[in-house]
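Visitor: First the structure, which I've put down as structure tokens, then a few questions once you've had a look.
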Amino acid sequence: MLKQLALTAAASAMAITAATAQDSLTIVSWGGAYSESQLKAYDEPYTEKTGVQILHEDKSNQALAGIRSQVEAGNVTWDVVDMLQSDAQRACDEGLLVEIEFDEWLAPAPDGTPASEDFIEGTTGDCFVPQILYATMFAYNTNAFPDGGPKTIADVWDLEKFPGTRSLEKIPQKNLEWALMADGVPADEVYELLATEEGQDRAFAKLDEIKGNVIWWEAGAQPPQLLADGEVTIASAYNGRIFNAQVNEDQPFEIMWDGQMFEVDGWVVPVDNDNLEQIKDYLFFATDTQRLADQAKYIAYAPARESSVPLVGNHEATGVDMKPHMPTSPENFQNAVRFDVEFWADYGDAIEERFNAWLSS
Amino acid sequence: MTDAAVSPGMGLNQTASKSAPLTTADGKPLKAALRKANGRARRNALLLVAPLFVFLLFTYTIPIVQMMARSVMNPEVANNLPNTSAAIGDWDGEGLPSEEVFAAMAQDLKNGGRSTIGRVAARLNTDMPGLRSTMMGAMRDADEFQAPFKEALLADDDDWGDPRLWTLIKRETRTITPAYYLRALDYEYDQAGEIVPRPENLQVYRSIFWQTAWMSGLITILTILMGYPVAHLLATLPLKRANLLMILVLLPFWTSLLVRTSAWIVLLQQEGVVNNFLVFFQIVDDNDRMRLIYNRIGTIIAMTHILLPFMILPLYSVMKTIPPSLTRAARSMGATPLRAHLTVYMPLTIPGLAAGVLLVFILAIGYYITPALVGGEGGIFISNLIADRMTGSLSQLRLALALATILLVGVLVLYWLFNRLVGVERLKFG
């Protein structure tokens, strides 16, 4: 019996070494429900098709620092990394990432549109393949507002009509855009204004109005919790988290889609990787039209390819139709603002300092 | 130990009987045999500490030296704009540089790829926001640039006509820079290259350093005020009851830091236990619940609780050794209870108190997770900013390293001061 056990153990150990030697990929992502959706939509079908084992690491919140230290140490073990577009751009600037040849590496849409034209405009990067589009927007607890909740960004600033504490993410990104919108700036002029000293002054002055009534969150899991606890009445949050609370936990939350800021999350490939052919093969499979649409069955983030949008179906666990929950669905998308990665690459460091100074003053 | 104690005596004997040197039983000179035995003992001792020494070297000394080195590194401009760096050396800094420098820049932009120019653009952008786009744009157009290059670059983007850009490039061609330390102390270079304070709305690090220090000091004082009576009680109660109390001190000490911090969130939040209690007894109004967390108060309460055992334990171990007969003797000679306590008992507890102060203050000053979770916007420590910058761009990483180095040096200076005032050899940790 013991001998048999030892033999099985040895055999499986050998199988594992064999797998890591050639037929495996290390994929870094965010963990939780998001990694789960990638596992179901991309990884399991890919392993089934090719036999390649996928190893997962949940390190995406440290992705930039992690890739940098691996490249510097000359020991790159991450094959594909899931990263925010803004971080991907910084990493690409620093020469840490492989530049992507979209039409050569990736599958065209079913109607033959080349990959480079199929992704939603402004979401691709030199080293970045977009995967999902998610929104950060305001959500509120309906118990707090029996006569109807806020409808516009200006309402979020209206403490008299909609009393209660707000929760905002503890970063300047998105908050400054919203502050200007609440101050009456049209969505398409926000970034132009924010690039000026006066625009920044105006945004911070607007934030001053609610500063005393804000709890700042740092992790995506916090805003649904703060809303559920009644600590705050309105919170900025990722749409997938609110969907999860609404559908899986039956929380009385409502999303206010006005002024939603959408951005993309996607794949990057660190440089100095000797596994590039394998990686390309995975990316070709995992970012095709059907795979991206499949992911929306497991999480309320929208596929980043135009051609995937009509293929979005029902939520796997509850059967809810996912289309109305997509940030890209027409009625949700009316006053949507694209998070401007270029702007924040230029002004991010300086504004972050000002934001920190403002917070602690 | 015995060998060392004996050897001087032997040396004396030796000089006394110069004619016949002492030998061991097998005829070797005693001095040599002794040296050999001592040497072996020292080698053995070294071998025993070697693992620890190597461990500290690799996990502590080398990383810290690396951290310090990287906080002053500045290779981006010199390495990635080689022609410009060479040409701009002759520029006197007045107006705009010559055509020669513009031509060198055009050449560098043409030669450099996405990542070469990306690196230098990201570096320069930290000092001049917006420069990144200017440089990346010019890199994409570089193949079309024709002489005269000054006009070509200016036509590509007006920013190339800003003398500040060229002053910045000239200054940052040096490969070692104090720029990140200046930034970490809220200073910067002005147009003339003088070091000046940053604009007030961008100053953040000095005030957070100061806040870290005073909040750590306050937390230390609070742990003394709360810990001293508890330690005294523990040391004077009969053993059976003292043990029970001791468990109450140790149980939270053994509980995970995160659990204790989260427990404070449950207690202190606006819909939390404390506020519910106050509302129930109508001490505060339901619509006017107190903000006890996500601010400085939250950080101070949670950290005082978490660090309290570090004060109580060394105090207790010292108080346990003070004979009660000393205070009784003072009382018998006419001292009031207060005076006996102040002049006899308290001075004897100073070694424990000083150890507690050192432990609590130095632990507090580097605290990260508790202020991050309950500090909100006002109650953060410098480590929170360091951790935040650590995950950002390369320049932000270097800034984080400079901040961390300043924190390290600050702690060492405080330790040195403390040593001068109290004397570390007097400390008793338990």
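Every chain in the structure tokens takes a letter, A first, then B, and so on in the order presented; its residues are numbered from 1, and the ligands are numbered from 1 following the presented order.
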For Lys59 of chain A, list every protein, DNA or RNA residue within 12 Å, evaluated using only C-alpha atoms, and leave out those in the same chain fewer than 5 positions away; present the list as a list in words.
Guide: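 Selected residues are Thr26, Ile27, Val28, Ser29, Trp30, Gly31, Gly32, Ser35, Leu64, Ala65, Gly66, Ile67, Trp78, Val80, Val81, Asp82 and Met83 of chain A; Thr391 of chain B.
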Visitor: Could you take the residues named above and write them with N, CA and C atoms, as a tab-separated table (two decimals), in the first residue's frame?
Guide:
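Generated output (selection24.tsv):
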```
chain	number	residue	atom	x	y	z
A	26	THR	N	2.69	30.17	-17.18
A	26	THR	CA	2.38	30.82	-15.91
A	26	THR	C	1.64	32.11	-16.20
A	27	ILE	N	0.44	32.18	-15.70
A	27	ILE	CA	-0.41	33.34	-15.98
A	27	ILE	C	-0.68	34.07	-14.67
A	28	VAL	N	-0.46	35.37	-14.71
A	28	VAL	CA	-0.63	36.17	-13.51
A	28	VAL	C	-1.91	36.99	-13.66
A	29	SER	N	-2.76	36.92	-12.64
A	29	SER	CA	-4.00	37.70	-12.71
A	29	SER	C	-4.40	38.19	-11.32
A	30	TRP	N	-5.65	38.65	-11.21
A	30	TRP	CA	-6.08	39.36	-10.00
A	30	TRP	C	-6.60	38.46	-8.89
A	31	GLY	N	-6.90	37.21	-9.21
A	31	GLY	CA	-7.48	36.34	-8.20
A	31	GLY	C	-8.98	36.53	-8.07
A	32	GLY	N	-9.59	35.78	-7.15
A	32	GLY	CA	-11.01	35.94	-6.87
A	32	GLY	C	-11.89	35.60	-8.05
A	35	SER	N	-10.33	35.93	-11.70
A	35	SER	CA	-9.50	34.81	-12.17
A	35	SER	C	-10.36	33.60	-12.49
A	64	LEU	N	3.41	45.58	-11.99
A	64	LEU	CA	4.49	46.42	-12.51
A	64	LEU	C	5.78	46.17	-11.74
A	65	ALA	N	5.69	46.22	-10.41
A	65	ALA	CA	6.89	45.99	-9.59
A	65	ALA	C	7.42	44.58	-9.79
A	66	GLY	N	6.50	43.62	-9.94
A	66	GLY	CA	6.91	42.23	-10.11
A	66	GLY	C	7.64	42.00	-11.42
A	67	ILE	N	7.10	42.53	-12.53
A	67	ILE	CA	7.75	42.34	-13.83
A	67	ILE	C	9.11	43.04	-13.80
A	78	TRP	N	7.11	34.80	-15.31
A	78	TRP	CA	5.73	35.07	-15.67
A	78	TRP	C	5.63	35.10	-17.20
A	80	VAL	N	2.44	35.35	-19.10
A	80	VAL	CA	1.43	36.32	-19.51
A	80	VAL	C	0.91	36.98	-18.24
A	81	VAL	N	0.78	38.30	-18.28
A	81	VAL	CA	0.35	39.00	-17.07
A	81	VAL	C	-0.88	39.85	-17.39
A	82	ASP	N	-1.86	39.76	-16.51
A	82	ASP	CA	-3.06	40.57	-16.62
A	82	ASP	C	-2.80	41.89	-15.91
A	83	MET	N	-3.02	43.00	-16.62
A	83	MET	CA	-2.57	44.28	-16.08
A	83	MET	C	-3.54	45.38	-16.49
B	391	THR	N	4.91	50.61	-5.95
B	391	THR	CA	4.29	49.86	-7.03
B	391	THR	C	4.13	50.71	-8.29
```
Visitor: List every residue of segment 96-149 of chain A that DSSP, applied to the backbone of this structure, places in strand (DSSP E or B), and write the result as a count of residues only.
Guide: 17
Visitor: Which residues of chain B come within 9 Å of chain A, and what is each one's closest atom pair and distance in Å (one decimal), counting only C-alpha atoms, sorted by chain and residue number, as a tab-separated table?
Guide:
```
residue	atom	partner	partner_atom	distance
B:Arg114	CA	A:Asp93	CA	6.9
B:Ser115	CA	A:Gly95	CA	4.2
B:Thr116	CA	A:Gly95	CA	7.1
B:Ile117	CA	A:Asp93	CA	7.6
B:Gly118	CA	A:Asp93	CA	4.0
B:Arg119	CA	A:Glu94	CA	4.8
B:Val120	CA	A:Glu94	CA	8.5
B:Ala121	CA	A:Asp93	CA	7.9
B:Ala122	CA	A:Asp93	CA	6.9
B:Asn125	CA	A:Asp346	CA	6.5
B:Thr126	CA	A:Asp349	CA	6.4
B:Asp127	CA	A:Ala350	CA	8.3
B:Met128	CA	A:Ala350	CA	8.7
B:Pro129	CA	A:Tyr347	CA	5.1
B:Gly130	CA	A:Asp346	CA	4.6
B:Leu131	CA	A:Asp346	CA	6.9
B:Arg132	CA	A:Asp346	CA	5.8
B:Ser133	CA	A:Asp346	CA	6.6
B:Glu200	CA	A:Ala357	CA	8.7
B:Asn201	CA	A:Arg354	CA	5.9
B:Leu202	CA	A:Arg354	CA	4.6
B:Gln203	CA	A:Ala357	CA	6.0
B:Val204	CA	A:Ala357	CA	4.6
B:Tyr205	CA	A:Ala357	CA	8.2
B:Ser207	CA	A:Ser360	CA	8.4
B:Ile208	CA	A:Ser360	CA	8.0
B:Gln269	CA	A:Glu231	CA	7.4
B:Gln270	CA	A:Glu231	CA	6.2
B:Glu271	CA	A:Glu231	CA	6.3
B:Tyr294	CA	A:Ile215	CA	7.0
B:Ala372	CA	A:Glu218	CA	8.7
B:Leu373	CA	A:Glu218	CA	8.7
B:Gly376	CA	A:Trp216	CA	6.2
B:Glu377	CA	A:Leu359	CA	5.6
B:Gly378	CA	A:Ser360	CA	5.1
B:Gly379	CA	A:Ser360	CA	8.1
B:Ile380	CA	A:Ser360	CA	8.3
B:Leu385	CA	A:Asn356	CA	8.8
B:Met390	CA	A:Ala65	CA	7.3
B:Thr391	CA	A:Ala65	CA	5.3
B:Gly392	CA	A:Leu64	CA	7.1
B:Ser393	CA	A:Arg90	CA	6.3
B:Leu394	CA	A:Glu94	CA	7.8
B:Gln396	CA	A:Asp349	CA	7.7
B:Leu397	CA	A:Ala65	CA	8.6
```
Visitor: Take the residues from that selection and put them in a file with N, CA and C atoms, as a CSV table (one decimal), in the first residue's frame.
Guide:
```
chain,number,residue,atom,x,y,z
B,114,ARG,N,10.9,52.3,-29.0
B,114,ARG,CA,9.8,52.6,-28.1
B,114,ARG,C,10.3,52.6,-26.7
B,115,SER,N,11.1,51.6,-26.3
B,115,SER,CA,11.5,51.5,-24.9
B,115,SER,C,12.7,52.4,-24.5
B,116,THR,N,13.5,52.7,-25.5
B,116,THR,CA,14.6,53.6,-25.2
B,116,THR,C,14.1,55.0,-24.9
B,117,ILE,N,13.3,55.5,-25.8
B,117,ILE,CA,12.7,56.9,-25.6
B,117,ILE,C,11.7,56.8,-24.5
B,118,GLY,N,11.0,55.7,-24.4
B,118,GLY,CA,10.0,55.6,-23.3
B,118,GLY,C,10.6,55.8,-21.9
B,119,ARG,N,11.8,55.2,-21.7
B,119,ARG,CA,12.4,55.3,-20.4
B,119,ARG,C,12.8,56.8,-20.1
B,120,VAL,N,13.4,57.4,-21.1
B,120,VAL,CA,13.9,58.8,-20.8
B,120,VAL,C,12.7,59.7,-20.7
B,121,ALA,N,11.6,59.5,-21.5
B,121,ALA,CA,10.4,60.3,-21.4
B,121,ALA,C,9.7,60.2,-20.1
B,122,ALA,N,9.7,58.9,-19.6
B,122,ALA,CA,9.0,58.7,-18.3
B,122,ALA,C,9.8,59.4,-17.2
B,125,ASN,N,9.4,63.2,-17.5
B,125,ASN,CA,8.0,63.6,-17.2
B,125,ASN,C,7.8,63.8,-15.7
B,126,THR,N,8.6,63.2,-14.8
B,126,THR,CA,8.3,63.4,-13.4
B,126,THR,C,8.7,64.8,-13.0
B,127,ASP,N,9.6,65.4,-13.7
B,127,ASP,CA,9.9,66.8,-13.4
B,127,ASP,C,9.1,67.8,-14.2
B,128,MET,N,8.6,67.4,-15.4
B,128,MET,CA,7.9,68.3,-16.2
B,128,MET,C,6.7,67.5,-16.8
B,129,PRO,N,5.6,67.5,-16.1
B,129,PRO,CA,4.4,66.7,-16.5
B,129,PRO,C,4.0,67.1,-17.9
B,130,GLY,N,3.7,66.1,-18.8
B,130,GLY,CA,3.3,66.4,-20.1
B,130,GLY,C,4.4,66.1,-21.1
B,131,LEU,N,5.7,66.1,-20.6
B,131,LEU,CA,6.8,65.9,-21.5
B,131,LEU,C,6.8,64.5,-22.1
B,132,ARG,N,6.2,63.6,-21.5
B,132,ARG,CA,6.2,62.2,-22.0
B,132,ARG,C,5.6,62.2,-23.4
B,133,SER,N,4.4,62.8,-23.4
B,133,SER,CA,3.7,62.8,-24.7
B,133,SER,C,4.5,63.5,-25.8
B,200,GLU,N,3.4,74.9,-2.4
B,200,GLU,CA,2.8,74.4,-1.2
B,200,GLU,C,1.7,73.3,-1.4
B,201,ASN,N,1.0,73.4,-2.6
B,201,ASN,CA,0.0,72.4,-2.8
B,201,ASN,C,0.6,71.0,-3.2
B,202,LEU,N,1.9,71.0,-3.4
B,202,LEU,CA,2.5,69.7,-3.7
B,202,LEU,C,3.4,69.2,-2.6
B,203,GLN,N,3.4,69.9,-1.5
B,203,GLN,CA,4.3,69.4,-0.4
B,203,GLN,C,3.5,68.4,0.4
B,204,VAL,N,4.1,67.2,0.6
B,204,VAL,CA,3.3,66.2,1.3
B,204,VAL,C,4.3,65.3,2.2
B,205,TYR,N,5.5,65.1,1.8
B,205,TYR,CA,6.3,64.1,2.5
B,205,TYR,C,6.7,64.6,3.9
B,207,SER,N,5.4,66.7,5.9
B,207,SER,CA,4.3,66.7,6.9
B,207,SER,C,3.9,65.3,7.3
B,208,ILE,N,4.0,64.3,6.4
B,208,ILE,CA,3.7,62.9,6.8
B,208,ILE,C,4.8,62.4,7.7
B,269,GLN,N,-16.7,51.7,13.7
B,269,GLN,CA,-17.4,52.4,12.5
B,269,GLN,C,-18.7,53.0,12.9
B,270,GLN,N,-19.2,53.9,12.0
B,270,GLN,CA,-20.3,54.7,12.4
B,270,GLN,C,-21.6,53.9,12.8
B,271,GLU,N,-21.7,52.7,12.1
B,271,GLU,CA,-22.8,51.8,12.4
B,271,GLU,C,-22.3,50.7,13.4
B,294,TYR,N,-11.1,55.5,10.3
B,294,TYR,CA,-10.8,56.1,9.0
B,294,TYR,C,-10.3,57.5,9.2
B,372,ALA,N,-3.0,51.7,7.2
B,372,ALA,CA,-3.6,51.6,5.9
B,372,ALA,C,-5.1,51.2,6.0
B,373,LEU,N,-5.4,50.4,7.0
B,373,LEU,CA,-6.8,49.9,7.1
B,373,LEU,C,-7.7,50.9,7.8
B,376,GLY,N,-7.7,56.0,7.1
B,376,GLY,CA,-8.5,56.9,6.2
B,376,GLY,C,-7.5,57.8,5.6
B,377,GLU,N,-7.9,59.1,5.5
B,377,GLU,CA,-7.0,60.0,4.8
B,377,GLU,C,-6.0,60.8,5.7
B,378,GLY,N,-6.5,61.0,7.0
B,378,GLY,CA,-5.6,61.8,7.9
B,378,GLY,C,-4.6,61.0,8.7
B,379,GLY,N,-5.0,59.7,8.9
B,379,GLY,CA,-4.2,59.0,9.9
B,379,GLY,C,-3.1,58.0,9.3
B,380,ILE,N,-2.5,58.4,8.1
B,380,ILE,CA,-1.6,57.5,7.5
B,380,ILE,C,-0.2,57.8,8.0
B,385,LEU,N,2.8,55.8,2.3
B,385,LEU,CA,3.2,56.5,1.1
B,385,LEU,C,4.3,55.7,0.4
B,390,MET,N,6.0,52.5,-4.2
B,390,MET,CA,6.8,51.3,-4.6
B,390,MET,C,6.2,50.6,-5.8
B,391,THR,N,4.9,50.6,-5.9
B,391,THR,CA,4.3,49.9,-7.0
B,391,THR,C,4.1,50.7,-8.3
B,392,GLY,N,4.6,52.0,-8.3
B,392,GLY,CA,4.4,52.8,-9.4
B,392,GLY,C,5.5,52.8,-10.4
B,393,SER,N,5.7,53.9,-11.1
B,393,SER,CA,6.7,54.0,-12.2
B,393,SER,C,8.1,53.9,-11.5
B,394,LEU,N,9.1,53.8,-12.4
B,394,LEU,CA,10.5,53.6,-11.9
B,394,LEU,C,10.9,54.9,-11.1
B,396,GLN,N,8.9,56.8,-9.4
B,396,GLN,CA,8.3,56.7,-8.1
B,396,GLN,C,8.9,55.6,-7.2
B,397,LEU,N,9.4,54.6,-7.8
B,397,LEU,CA,10.1,53.6,-7.0
B,397,LEU,C,11.3,54.2,-6.4
```
Visitor: To one decimal place, how far is atom CA of Asn275 of chain B from atom CA of Thr165 of chain A in Å?
Guide: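 Calculated distance between atom CA of Asn275 of chain B and atom CA of Thr165 of chain A is 15.6 Å.
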Visitor: Could you tell me how far atom CA of Lys174 of chain A lies from atom CA of Ala237 of chain A, in Å and to one decimal?
Guide: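 Separation between atom CA of Lys174 of chain A and atom CA of Ala237 of chain A: 11.1 Å.
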Visitor: Select, from A:Phe339, A:Lys323, A:Arg291, A:Gly184, the residue with the minimum atom-to-atom distance to Lys40 of chain A, counting only C-alpha atoms.
Guide: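 Closest candidate: A:Arg291.
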Visitor: For Val247 of chain A, work out the shell of residues within 12 Å, counting only C-alpha atoms and skipping chain neighbours fewer than 6 positions away, then give it as a PDB file with C-alpha atoms, in the first residue's frame.
Guide:
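After the write, part.pdb holds the following:
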```pdb
ATOM      1  CA  GLY A 240     -18.510  43.769 -11.512  1.00  0.00           C
ATOM      2  CA  ARG A 241     -18.381  44.023  -7.727  1.00  0.00           C
ATOM      3  CA  PHE A 253     -27.866  48.266  -4.576  1.00  0.00           C
ATOM      4  CA  GLU A 254     -28.497  50.315  -7.692  1.00  0.00           C
ATOM      5  CA  TYR A 298     -19.072  34.536 -15.345  1.00  0.00           C
ATOM      6  CA  ILE A 299     -18.512  38.185 -14.530  1.00  0.00           C
ATOM      7  CA  ALA A 300     -20.203  41.466 -15.468  1.00  0.00           C
ATOM      8  CA  HIS A 315     -24.968  34.470 -16.370  1.00  0.00           C
ATOM      9  CA  GLU A 316     -23.828  30.881 -15.851  1.00  0.00           C
ATOM     10  CA  ALA A 317     -24.767  30.655 -12.164  1.00  0.00           C
ATOM     11  CA  THR A 318     -28.102  32.493 -12.043  1.00  0.00           C
ATOM     12  CA  GLY A 319     -29.309  32.647 -15.637  1.00  0.00           C
ATOM     13  CA  VAL A 320     -29.574  36.451 -15.545  1.00  0.00           C
ATOM     14  CA  ASP A 321     -29.252  38.053 -18.990  1.00  0.00           C
ATOM     15  CA  MET A 322     -25.876  39.723 -18.890  1.00  0.00           C
ATOM     16  CA  HIS A 325     -25.349  44.621 -16.988  1.00  0.00           C
TER      17      HIS A 325
END
```
Visitor: Do you have the atom CA of Pro146 of chain A-atom CA of Leu268 of chain B distance handy?
Guide: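 Straight-line distance from atom CA of Pro146 of chain A to atom CA of Leu268 of chain B works out to 27.1 Å.
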Visitor: Among segment 161-224 of chain B, which ones does DSSP assign to helix (DSSP H, G or I) (computed from the backbone)? Answer as a CSV table (one decimal) with N, CA and C atoms, in the first residue's frame.
Guide:
```csv
chain,number,residue,atom,x,y,z
B,161,GLY,N,10.3,74.3,-27.6
B,161,GLY,CA,10.8,75.7,-27.5
B,161,GLY,C,10.8,76.2,-26.1
B,163,PRO,N,12.6,76.6,-22.7
B,163,PRO,CA,14.0,76.5,-22.2
B,163,PRO,C,14.0,75.5,-21.0
B,164,ARG,N,12.9,75.4,-20.2
B,164,ARG,CA,12.9,74.6,-19.0
B,164,ARG,C,13.2,73.1,-19.4
B,165,LEU,N,12.7,72.7,-20.5
B,165,LEU,CA,12.9,71.3,-21.0
B,165,LEU,C,14.4,71.1,-21.2
B,166,TRP,N,15.1,72.0,-21.8
B,166,TRP,CA,16.5,71.8,-22.1
B,166,TRP,C,17.3,71.9,-20.8
B,167,THR,N,17.0,72.9,-19.9
B,167,THR,CA,17.7,73.0,-18.6
B,167,THR,C,17.6,71.6,-17.9
B,168,LEU,N,16.3,71.1,-17.9
B,168,LEU,CA,16.1,69.8,-17.3
B,168,LEU,C,17.0,68.7,-17.9
B,169,ILE,N,17.0,68.6,-19.2
B,169,ILE,CA,17.8,67.6,-19.8
B,169,ILE,C,19.3,67.7,-19.5
B,170,LYS,N,19.7,69.0,-19.5
B,170,LYS,CA,21.1,69.2,-19.2
B,170,LYS,C,21.5,68.8,-17.8
B,171,ARG,N,20.6,69.1,-16.9
B,171,ARG,CA,20.8,68.8,-15.5
B,171,ARG,C,20.8,67.3,-15.2
B,179,ALA,N,18.1,64.2,-6.7
B,179,ALA,CA,16.7,64.7,-7.0
B,179,ALA,C,15.6,64.0,-6.2
B,180,TYR,N,15.8,62.7,-6.0
B,180,TYR,CA,14.7,62.0,-5.3
B,180,TYR,C,14.7,62.3,-3.8
B,181,TYR,N,15.9,62.6,-3.3
B,181,TYR,CA,15.9,63.0,-1.9
B,181,TYR,C,15.3,64.4,-1.7
B,182,LEU,N,15.6,65.3,-2.7
B,182,LEU,CA,15.0,66.6,-2.6
B,182,LEU,C,13.5,66.4,-2.6
B,183,ARG,N,13.0,65.6,-3.6
B,183,ARG,CA,11.6,65.4,-3.7
B,183,ARG,C,11.0,64.8,-2.4
B,184,ALA,N,11.7,63.9,-1.8
B,184,ALA,CA,11.3,63.2,-0.6
B,184,ALA,C,11.2,64.2,0.6
B,200,GLU,N,3.4,74.9,-2.4
B,200,GLU,CA,2.8,74.4,-1.2
B,200,GLU,C,1.7,73.3,-1.4
B,201,ASN,N,1.0,73.4,-2.6
B,201,ASN,CA,0.0,72.4,-2.8
B,201,ASN,C,0.6,71.0,-3.2
B,202,LEU,N,1.9,71.0,-3.4
B,202,LEU,CA,2.5,69.7,-3.7
B,202,LEU,C,3.4,69.2,-2.6
B,205,TYR,N,5.5,65.1,1.8
B,205,TYR,CA,6.3,64.1,2.5
B,205,TYR,C,6.7,64.6,3.9
B,206,ARG,N,7.2,65.8,4.0
B,206,ARG,CA,7.7,66.3,5.2
B,206,ARG,C,6.6,66.3,6.3
B,207,SER,N,5.4,66.7,5.9
B,207,SER,CA,4.3,66.7,6.9
B,207,SER,C,3.9,65.3,7.3
B,208,ILE,N,4.0,64.3,6.4
B,208,ILE,CA,3.7,62.9,6.8
B,208,ILE,C,4.8,62.4,7.7
B,209,PHE,N,6.1,62.7,7.4
B,209,PHE,CA,7.2,62.3,8.3
B,209,PHE,C,6.9,62.8,9.7
B,210,TRP,N,6.5,64.1,9.7
B,210,TRP,CA,6.3,64.7,11.0
B,210,TRP,C,5.1,64.0,11.7
B,211,GLN,N,4.1,63.8,10.9
B,211,GLN,CA,2.9,63.1,11.5
B,211,GLN,C,3.2,61.7,12.0
B,212,THR,N,4.1,61.0,11.3
B,212,THR,CA,4.5,59.7,11.7
B,212,THR,C,5.2,59.8,13.0
B,213,ALA,N,6.1,60.8,13.2
B,213,ALA,CA,6.8,60.9,14.4
B,213,ALA,C,5.9,61.3,15.6
B,214,TRP,N,5.1,62.3,15.4
B,214,TRP,CA,4.3,62.7,16.6
B,214,TRP,C,3.2,61.7,17.0
B,215,MET,N,2.6,61.0,16.0
B,215,MET,CA,1.6,60.0,16.3
B,215,MET,C,2.3,58.8,17.0
B,216,SER,N,3.5,58.4,16.5
B,216,SER,CA,4.2,57.3,17.2
B,216,SER,C,4.5,57.8,18.6
B,217,GLY,N,4.9,59.0,18.8
B,217,GLY,CA,5.2,59.5,20.2
B,217,GLY,C,4.0,59.5,21.1
B,218,LEU,N,2.9,59.9,20.5
B,218,LEU,CA,1.6,59.9,21.3
B,218,LEU,C,1.2,58.5,21.6
B,219,ILE,N,1.3,57.6,20.7
B,219,ILE,CA,1.0,56.2,20.9
B,219,ILE,C,1.9,55.6,22.0
B,220,THR,N,3.2,56.0,22.0
B,220,THR,CA,4.1,55.5,23.0
B,220,THR,C,3.6,56.0,24.4
B,221,ILE,N,3.3,57.3,24.5
B,221,ILE,CA,2.9,57.9,25.7
B,221,ILE,C,1.6,57.2,26.2
B,222,LEU,N,0.7,57.0,25.3
B,222,LEU,CA,-0.6,56.3,25.7
B,222,LEU,C,-0.3,54.9,26.2
B,223,THR,N,0.6,54.2,25.6
B,223,THR,CA,0.9,52.8,26.1
B,223,THR,C,1.5,52.9,27.4
B,224,ILE,N,2.3,53.9,27.7
B,224,ILE,CA,2.9,54.0,29.1
B,224,ILE,C,1.8,54.3,30.1
```
Visitor: Quick one: of B:Arg331, B:Arg420, B:Lys320, B:Arg426, who's nearest to Leu239 of chain B, counting only C-alpha atoms?
Guide: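 The shortest atom-to-atom distance to Leu239 of chain B comes from B:Lys320.
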Visitor: Of the residues B:Val279, B:Ile176, B:Leu124, B:Leu56, which is the one nearest to Asn80 of chain B, using only C-alpha atoms?
Guide: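 That would be B:Leu124, the residue with the smallest distance to Asn80 of chain B.
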Visitor: As a ChimeraX atom specification, please: the residues near Thr328 of chain A (cut-off 10 Å, only C-alpha atoms, same-chain neighbours under 4 positions excluded).
Guide: /A:133-135,262,301-304,306,309,323-324,332-334,336
Visitor: Would you list the contacts of segment 349-353 of chain B as a PyMOL selection string, taking every protein, DNA or RNA residue within 10 Å and counting only C-alpha atoms, but skipping same-chain residues closer than 2 positions in sequence?
Guide: chain B and resi 224+227-228+232+311-322+344-347+355-359+422-430
Visitor: Between A:Ser37, A:Asn141, A:Asn335, A:Thr50, which residue has the minimum interatomic distance to Leu227 of chain A, considering only C-alpha atoms?
Guide: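 Comparing A:Ser37, A:Asn141, A:Asn335, A:Thr50 against Leu227 of chain A, the winner is A:Asn141.
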Visitor: Measuring atom to atom with only C-alpha atoms, identify which of B:Ala354, B:Ile369, B:Ala103, B:Ala45 is nearest to Glu151 of chain B.
Guide: B:Ala103
Visitor: Neighbouring residues of segment 64-71 of chain B were defined as those with any atom within 6 Å, considering only C-alpha atoms; residues of the same chain fewer than 5 positions away were excluded. Please report them as number ranges by chain.
Guide: B: 398, 401-402
